[in-house]
Each structure stands twice: as C-alpha cells, then as structure tokens.
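Shown next, in structure tokens, is the structure this report addresses.
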Amino acid sequence: MIKLVSNRIRLAIKYLSYLVFSSNRKGHGIHSPFVFDFIIQVLRGKIANEIQFGKIEKYRNDLIRSSDFISIEDYGAGSFITSQTKRSISSVAKYSLKSPKYARLLYRVVNYFKPDSILELGTSFGITTQYLAIANPLATITTIEGSPEIAQIAQVGFERNSFQRIRLIQGNFKKELQTAIVGMNGKKFFYIDGDHRYEPTIHYFNTIISISGENDILVFDDIHWSKDMEQAWLEIKQDIRVKYTIDLFFIGLVFLKKDFLEKQDFVVHF
Ligand SMILES: C[S@@+](CC[C@H](N)C(=O)[O-])C[C@H]1O[C@@H](n2cnc3c(N)ncnc32)[C@H](O)[C@@H]1O
C-alpha cells in the first residue's frame, strides 16, 4: 500500500514536471521537420471517423455499465486499481483501457503513417484495437491477450462491430510474440501495452527491433508508470538502433529512420 501511494506521488510529480517542461503542442522550438509535421498533423490533427468511433465507444460504454464479474489471469505488472483475480467488467473497462483521447491519437498515428501490419501486445477488451483497425483498413492487424475471459469479451466486440480481420491470439506475449511477428510484412506498427515491467519490456523491445526496418514505429505505453518502466524507457531511448523518440508522458513513440542523422529525444505536450 505504501509502495502504491509513493508510486502515485512519484507519478504525479513527474507529470507536473512534464506539463511544465514539455514542448508546446504548436511545435514552437522544434527544429526537426519530421517531428514538427507529426505535431501538426497527428498530435493536433483533426482527422476522425465519428461513425465508427461511436460504435466502438458504444461497446466501451456497454462494458462500463455491465454488472458482471470475470476471472483475470494477471500476467503483467497488475494495475493501480486492484490486483485481485476477480474483477468487475465495469472496473476493467473504466480503468485498464486507453481513454478515447489516446485511442483517437493512436488512430491518427496509424492513419498518418499507414503501416501495412499492426501488432498490439495487450488487447484487454479490444477497444484500442478497433481504433487501430479502422485507422488503416488495408493493414493486417494482430493483437495478443493473456487472460482468456478478457480475450473472449474482446472477441465479442470485434464480431459485434464487424472486425473479422482482427486476429486475436490468446496467450502469453513471451510465447506468442515470436509467432505473431513472423507474419508481419511491409511497414510495421507495434503497440506495447501490457506487462509493464523492466525485463519483459526490454525483451519485447529487443525481439521487435530485431525484425524491424527503418520505417517501422514502436509505441510503448505507460513509460513513466513505475521506476522499472522509467529505466526501460531510458534504455530504449539510448539504444543505438533508435533514432528519434517522442515522449507524450503516457505513451512514448520510437522511430528508427536511418536518414535522421542524429539521435534525438523529444518531450511534447499532449
Ligand atoms: C492495459 S491492458 C491493455 C489495454 C488495451 N491496449 C486498450 O488500450 O484498450 C493490458 C492487457 O495486457 C494483458 N497482459 C499483460 N501482460 C501480459 C502477458 N505477459 N501476456 C499476455 N497478456 C498480458 C493483460 O491481461 C491486460 O488485459
């Protein structure tokens, strides 16, 4: 409990410092044309698909209103809210999913970079997966979830909203990541949103980067969530294969492009 409270205080202080020191959303002072464009087109971008977003959010809201409970097999670092194995669907839907603001951002990221294949680690109820899927209807999309009852609810959502092309793998990232990356072609987009611990995160990073090309994009969730995740994010930024990183506090983006001559890390207000 004390650890939980001190981590929350640490996170709040970190967030305040992010708000004070991050570059503003207009891109003033950013000299990289790539990042400036990213800020204008993606962070401040307005592109949306309100009809589809509405269907996805309807599923989220139905889950929030649910009074049912499910069993959770916790593979990862747990969450701030609870680590018990029985949880209400409502609580998972409220606290464990990316908010509409970030789901829309990820939609714009995918829509802007147009990857050919997308892989998400950590489906949960598949809400963000659905945003990723509509962002580029031509991309193949795979998502991995360890907890069987959670995966089942995600699958119901995919069927309800006609996302038959989303391939949901139920299993542990450690085992399934290798299988999932084999079929990925062209420009790749990875969203790592689960198992927020140092060693697994570095392992997923190394596995993914070993098959990545210079146009691929990696997005890590909860990069400041714990000291462990801070350390993992620091090492990812320092990796010589990484060229640019953009820290938006709750997510961090990693770019590998070879024509960025210098390594640079940006912290941008979002
Ligand atoms: C934060 S939630 C994902 C939220 C989802 N991406 C969204 O935005 O709606 C993380 C999920 O990853 C799953 N998970 C964590 N560690 C895992 C592992 N090692 N293998 C498989 N699934 C794992 C958890 O069961 C949980 O459902």
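Please note that chains go A, B, ... in the order of the structure tokens, that every chain numbers its residues from 1, and that ligands are numbered from 1 in the order shown.
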Handout entry: Residue contacts of Ser147 in chain A (9 Å, only C-alpha atoms) excluding same-chain residues fewer than 3 positions away, as a PyMOL selection string
Key = chain A and resi 71-75+124+150-152+170-172
Handout entry: Neighbour list for Arg65 in chain A as a list in words, cut-off 9 Å, only C-alpha atoms, skip fewer than 4 positions in-chain
Key =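 Selected residues are Arg60, Asn61, Ile89 and Ser90 of chain A.
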Kindly compile the residues surrounding ligand 1 within 8 Å, counting only C-alpha atoms and all ligand atoms, and format them as a PDB file with N, CA and C atoms, in the first residue's frame.
ATOM      1  N   ILE A  72      -9.536 -12.961 -13.800  1.00  0.00           N
ATOM      2  CA  ILE A  72      -8.410 -12.388 -14.537  1.00  0.00           C
ATOM      3  C   ILE A  72      -7.159 -13.171 -14.203  1.00  0.00           C
ATOM      4  N   GLU A  73      -6.450 -13.581 -15.229  1.00  0.00           N
ATOM      5  CA  GLU A  73      -5.127 -14.169 -15.004  1.00  0.00           C
ATOM      6  C   GLU A  73      -4.123 -13.058 -15.225  1.00  0.00           C
ATOM      7  N   ASP A  74      -3.527 -12.579 -14.146  1.00  0.00           N
ATOM      8  CA  ASP A  74      -2.651 -11.422 -14.253  1.00  0.00           C
ATOM      9  C   ASP A  74      -1.242 -11.844 -14.654  1.00  0.00           C
ATOM     10  N   TYR A  75      -0.909 -11.616 -15.925  1.00  0.00           N
ATOM     11  CA  TYR A  75       0.431 -11.951 -16.429  1.00  0.00           C
ATOM     12  C   TYR A  75       1.417 -10.821 -16.178  1.00  0.00           C
ATOM     13  N   GLY A  76       0.853  -9.610 -16.025  1.00  0.00           N
ATOM     14  CA  GLY A  76       1.723  -8.447 -16.065  1.00  0.00           C
ATOM     15  C   GLY A  76       1.955  -7.836 -14.710  1.00  0.00           C
ATOM     16  N   ALA A  77       2.202  -6.521 -14.753  1.00  0.00           N
ATOM     17  CA  ALA A  77       2.547  -5.809 -13.526  1.00  0.00           C
ATOM     18  C   ALA A  77       1.310  -5.384 -12.757  1.00  0.00           C
ATOM     19  N   GLY A  78       0.135  -5.888 -13.130  1.00  0.00           N
ATOM     20  CA  GLY A  78      -1.078  -5.511 -12.421  1.00  0.00           C
ATOM     21  C   GLY A  78      -1.473  -4.088 -12.764  1.00  0.00           C
ATOM     22  N   SER A  96      -8.615   0.150 -17.161  1.00  0.00           N
ATOM     23  CA  SER A  96      -7.476  -0.523 -17.804  1.00  0.00           C
ATOM     24  C   SER A  96      -7.340  -0.221 -19.291  1.00  0.00           C
ATOM     25  N   LEU A  97      -8.271   0.522 -19.843  1.00  0.00           N
ATOM     26  CA  LEU A  97      -8.223   0.756 -21.293  1.00  0.00           C
ATOM     27  C   LEU A  97      -7.716   2.163 -21.586  1.00  0.00           C
ATOM     28  N   LYS A  98      -7.173   2.336 -22.750  1.00  0.00           N
ATOM     29  CA  LYS A  98      -6.777   3.679 -23.153  1.00  0.00           C
ATOM     30  C   LYS A  98      -8.032   4.523 -23.299  1.00  0.00           C
ATOM     31  N   SER A  99      -7.948   5.760 -22.856  1.00  0.00           N
ATOM     32  CA  SER A  99      -9.112   6.665 -22.927  1.00  0.00           C
ATOM     33  C   SER A  99      -9.394   7.011 -24.389  1.00  0.00           C
ATOM     34  N   ALA A 103      -6.938   6.779 -27.614  1.00  0.00           N
ATOM     35  CA  ALA A 103      -7.331   5.851 -28.687  1.00  0.00           C
ATOM     36  C   ALA A 103      -7.434   6.626 -30.003  1.00  0.00           C
ATOM     37  N   GLU A 120      -0.513  -5.421 -31.625  1.00  0.00           N
ATOM     38  CA  GLU A 120      -0.747  -4.857 -30.286  1.00  0.00           C
ATOM     39  C   GLU A 120      -0.465  -5.930 -29.248  1.00  0.00           C
ATOM     40  N   LEU A 121       0.347  -5.593 -28.242  1.00  0.00           N
ATOM     41  CA  LEU A 121       0.533  -6.504 -27.101  1.00  0.00           C
ATOM     42  C   LEU A 121      -0.342  -5.967 -25.978  1.00  0.00           C
ATOM     43  N   GLY A 122      -1.382  -6.721 -25.626  1.00  0.00           N
ATOM     44  CA  GLY A 122      -2.292  -6.245 -24.578  1.00  0.00           C
ATOM     45  C   GLY A 122      -3.591  -5.744 -25.184  1.00  0.00           C
ATOM     46  N   THR A 123      -4.480  -6.699 -25.492  1.00  0.00           N
ATOM     47  CA  THR A 123      -5.752  -6.347 -26.138  1.00  0.00           C
ATOM     48  C   THR A 123      -6.721  -5.746 -25.142  1.00  0.00           C
ATOM     49  N   SER A 124      -6.733  -6.342 -23.958  1.00  0.00           N
ATOM     50  CA  SER A 124      -7.804  -6.123 -22.985  1.00  0.00           C
ATOM     51  C   SER A 124      -9.142  -6.345 -23.719  1.00  0.00           C
ATOM     52  N   PHE A 125     -10.073  -5.369 -23.645  1.00  0.00           N
ATOM     53  CA  PHE A 125     -11.380  -5.581 -24.280  1.00  0.00           C
ATOM     54  C   PHE A 125     -11.381  -5.191 -25.764  1.00  0.00           C
ATOM     55  N   GLY A 126     -10.195  -4.870 -26.282  1.00  0.00           N
ATOM     56  CA  GLY A 126     -10.093  -4.662 -27.731  1.00  0.00           C
ATOM     57  C   GLY A 126     -10.609  -3.315 -28.211  1.00  0.00           C
ATOM     58  N   ILE A 127     -10.781  -2.381 -27.286  1.00  0.00           N
ATOM     59  CA  ILE A 127     -11.306  -1.067 -27.696  1.00  0.00           C
ATOM     60  C   ILE A 127     -10.265  -0.333 -28.557  1.00  0.00           C
ATOM     61  N   THR A 128      -9.026  -0.227 -28.044  1.00  0.00           N
ATOM     62  CA  THR A 128      -7.992   0.450 -28.830  1.00  0.00           C
ATOM     63  C   THR A 128      -7.696  -0.327 -30.107  1.00  0.00           C
ATOM     64  N   THR A 129      -7.767  -1.651 -30.024  1.00  0.00           N
ATOM     65  CA  THR A 129      -7.535  -2.472 -31.229  1.00  0.00           C
ATOM     66  C   THR A 129      -8.488  -2.049 -32.344  1.00  0.00           C
ATOM     67  N   ILE A 144      -2.596  -9.489 -29.002  1.00  0.00           N
ATOM     68  CA  ILE A 144      -2.370 -10.622 -28.091  1.00  0.00           C
ATOM     69  C   ILE A 144      -2.888 -10.288 -26.695  1.00  0.00           C
ATOM     70  N   GLU A 145      -3.639 -11.211 -26.123  1.00  0.00           N
ATOM     71  CA  GLU A 145      -4.160 -11.036 -24.762  1.00  0.00           C
ATOM     72  C   GLU A 145      -4.014 -12.355 -23.998  1.00  0.00           C
ATOM     73  N   GLY A 146      -3.492 -12.252 -22.770  1.00  0.00           N
ATOM     74  CA  GLY A 146      -3.252 -13.456 -21.994  1.00  0.00           C
ATOM     75  C   GLY A 146      -4.473 -13.993 -21.281  1.00  0.00           C
ATOM     76  N   SER A 147      -5.290 -13.106 -20.780  1.00  0.00           N
ATOM     77  CA  SER A 147      -6.390 -13.536 -19.919  1.00  0.00           C
ATOM     78  C   SER A 147      -7.575 -14.046 -20.761  1.00  0.00           C
ATOM     79  N   ILE A 150     -10.969 -12.132 -20.612  1.00  0.00           N
ATOM     80  CA  ILE A 150     -10.851 -10.782 -21.188  1.00  0.00           C
ATOM     81  C   ILE A 150     -10.840 -10.899 -22.721  1.00  0.00           C
ATOM     82  N   ALA A 151     -10.054 -11.867 -23.209  1.00  0.00           N
ATOM     83  CA  ALA A 151      -9.947 -12.056 -24.665  1.00  0.00           C
ATOM     84  C   ALA A 151     -11.312 -12.369 -25.275  1.00  0.00           C
ATOM     85  N   GLN A 170      -4.859 -15.572 -28.106  1.00  0.00           N
ATOM     86  CA  GLN A 170      -4.957 -15.645 -26.649  1.00  0.00           C
ATOM     87  C   GLN A 170      -3.760 -16.435 -26.131  1.00  0.00           C
ATOM     88  N   GLY A 171      -2.911 -15.767 -25.355  1.00  0.00           N
ATOM     89  CA  GLY A 171      -1.730 -16.442 -24.821  1.00  0.00           C
ATOM     90  C   GLY A 171      -0.758 -15.433 -24.252  1.00  0.00           C
ATOM     91  N   ASN A 172       0.340 -15.953 -23.722  1.00  0.00           N
ATOM     92  CA  ASN A 172       1.347 -15.101 -23.103  1.00  0.00           C
ATOM     93  C   ASN A 172       2.199 -14.417 -24.181  1.00  0.00           C
ATOM     94  N   PHE A 173       2.463 -13.123 -24.021  1.00  0.00           N
ATOM     95  CA  PHE A 173       3.282 -12.392 -25.001  1.00  0.00           C
ATOM     96  C   PHE A 173       4.599 -13.135 -25.253  1.00  0.00           C
ATOM     97  N   LYS A 174       5.175 -13.600 -24.149  1.00  0.00           N
ATOM     98  CA  LYS A 174       6.508 -14.192 -24.221  1.00  0.00           C
ATOM     99  C   LYS A 174       6.557 -15.296 -25.270  1.00  0.00           C
ATOM    100  N   TYR A 191       2.317  -1.715 -30.917  1.00  0.00           N
ATOM    101  CA  TYR A 191       1.809  -1.004 -29.738  1.00  0.00           C
ATOM    102  C   TYR A 191       1.944  -1.938 -28.537  1.00  0.00           C
ATOM    103  N   ILE A 192       2.867  -1.588 -27.634  1.00  0.00           N
ATOM    104  CA  ILE A 192       3.169  -2.466 -26.500  1.00  0.00           C
ATOM    105  C   ILE A 192       2.457  -1.911 -25.274  1.00  0.00           C
ATOM    106  N   ASP A 193       1.360  -2.556 -24.917  1.00  0.00           N
ATOM    107  CA  ASP A 193       0.514  -2.036 -23.831  1.00  0.00           C
ATOM    108  C   ASP A 193       0.139  -3.159 -22.874  1.00  0.00           C
ATOM    109  N   GLY A 194       1.128  -3.727 -22.225  1.00  0.00           N
ATOM    110  CA  GLY A 194       0.869  -4.770 -21.229  1.00  0.00           C
ATOM    111  C   GLY A 194       2.187  -5.231 -20.645  1.00  0.00           C
ATOM    112  N   ASP A 195       2.111  -5.836 -19.468  1.00  0.00           N
ATOM    113  CA  ASP A 195       3.309  -6.378 -18.818  1.00  0.00           C
ATOM    114  C   ASP A 195       4.338  -5.280 -18.580  1.00  0.00           C
ATOM    115  N   HIS A 196       3.903  -4.242 -17.864  1.00  0.00           N
ATOM    116  CA  HIS A 196       4.751  -3.057 -17.705  1.00  0.00           C
ATOM    117  C   HIS A 196       5.815  -3.270 -16.629  1.00  0.00           C
ATOM    118  N   PRO A 200      10.511  -7.761 -19.034  1.00  0.00           N
ATOM    119  CA  PRO A 200       9.675  -8.099 -20.192  1.00  0.00           C
ATOM    120  C   PRO A 200       9.668  -6.986 -21.243  1.00  0.00           C
TER     121      PRO A 200
END
Handout entry: One-decimal distance in Å that lies between CA of Leu261 in chain A and CA of Glu214 in chain A
Key =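 Interatomic distance here is 12.7 Å.
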Handout entry: Shell of 8 Å around Val268 in chain A, only C-alpha atoms, local chain residues under 4 positions omitted, as a list of chain:residue names
Key = A:Ser22, A:Ser23, A:Asn24, A:Arg25, A:Ile246, A:Asp247, A:Leu248
Could you save those same residues with N, CA and C atoms as a PDB file, in the first residue's frame?
ATOM      1  N   SER A  22       7.574  20.224 -21.095  1.00  0.00           N
ATOM      2  CA  SER A  22       7.429  19.653 -22.443  1.00  0.00           C
ATOM      3  C   SER A  22       7.257  20.765 -23.484  1.00  0.00           C
ATOM      4  N   SER A  23       7.661  20.459 -24.716  1.00  0.00           N
ATOM      5  CA  SER A  23       7.483  21.429 -25.808  1.00  0.00           C
ATOM      6  C   SER A  23       6.000  21.596 -26.055  1.00  0.00           C
ATOM      7  N   ASN A  24       5.627  22.816 -26.439  1.00  0.00           N
ATOM      8  CA  ASN A  24       4.188  23.022 -26.590  1.00  0.00           C
ATOM      9  C   ASN A  24       3.634  22.339 -27.843  1.00  0.00           C
ATOM     10  N   ARG A  25       2.319  22.218 -27.865  1.00  0.00           N
ATOM     11  CA  ARG A  25       1.661  21.441 -28.920  1.00  0.00           C
ATOM     12  C   ARG A  25       1.680  22.140 -30.273  1.00  0.00           C
ATOM     13  N   ILE A 246       9.642  10.237 -29.103  1.00  0.00           N
ATOM     14  CA  ILE A 246       8.742  11.328 -28.704  1.00  0.00           C
ATOM     15  C   ILE A 246       8.004  10.867 -27.449  1.00  0.00           C
ATOM     16  N   ASP A 247       8.235  11.591 -26.366  1.00  0.00           N
ATOM     17  CA  ASP A 247       7.635  11.263 -25.079  1.00  0.00           C
ATOM     18  C   ASP A 247       6.385  12.126 -24.896  1.00  0.00           C
ATOM     19  N   LEU A 248       5.227  11.471 -24.835  1.00  0.00           N
ATOM     20  CA  LEU A 248       3.973  12.202 -24.602  1.00  0.00           C
ATOM     21  C   LEU A 248       3.451  11.911 -23.192  1.00  0.00           C
TER      22      LEU A 248
END
Using only C-alpha atoms, determine which residues lie at most 12 Å from Leu105 in chain A, disregarding the query and same-chain residues fewer than 2 positions distant; provide the list as a compact mmCIF listing (two decimals) with C-alpha atoms, in the first residue's frame.
# COMPACT_ATOMS: atom_id res chain seq x y z
CA PHE A 38 3.99 14.93 -36.59
CA ILE A 39 2.87 17.56 -34.07
CA GLN A 41 -0.72 16.55 -38.48
CA VAL A 42 -1.04 13.95 -35.74
CA LEU A 43 -0.97 15.49 -32.26
CA ARG A 44 -3.06 18.47 -33.30
CA GLY A 45 -4.69 16.64 -36.19
CA LYS A 46 -8.44 16.61 -36.53
CA ILE A 47 -8.90 13.54 -38.71
CA ALA A 48 -11.59 11.28 -37.27
CA LYS A 98 -6.78 3.68 -23.15
CA SER A 99 -9.11 6.67 -22.93
CA PRO A 100 -10.91 7.93 -26.05
CA LYS A 101 -8.36 10.80 -26.22
CA TYR A 102 -5.43 8.38 -26.58
CA ALA A 103 -7.33 5.85 -28.69
CA TYR A 107 -5.90 6.17 -34.67
CA ARG A 108 -4.28 9.33 -36.09
CA VAL A 109 -0.77 7.88 -35.74
CA VAL A 110 -1.74 4.79 -37.76
CA ASN A 111 -3.76 6.82 -40.23
CA TYR A 112 -0.78 9.15 -40.80
CA THR A 128 -7.99 0.45 -28.83
CA TYR A 131 -9.43 2.17 -33.36
CA LEU A 132 -6.16 0.83 -34.81
CA ALA A 135 -7.19 3.72 -38.95
CA VAL A 219 4.75 2.77 -29.30
CA LEU A 248 3.97 12.20 -24.60
CA PHE A 250 1.51 8.35 -21.07
CA ILE A 251 2.93 6.91 -24.27
CA LEU A 253 6.95 6.71 -29.67
CA PHE A 270 -0.25 16.37 -25.44
Exercise for the section: Grab the CA of Ser91 in chain A to CA of Ile64 in chain A distance for me, in Å with one decimal place. Expected result: 7.0 Å
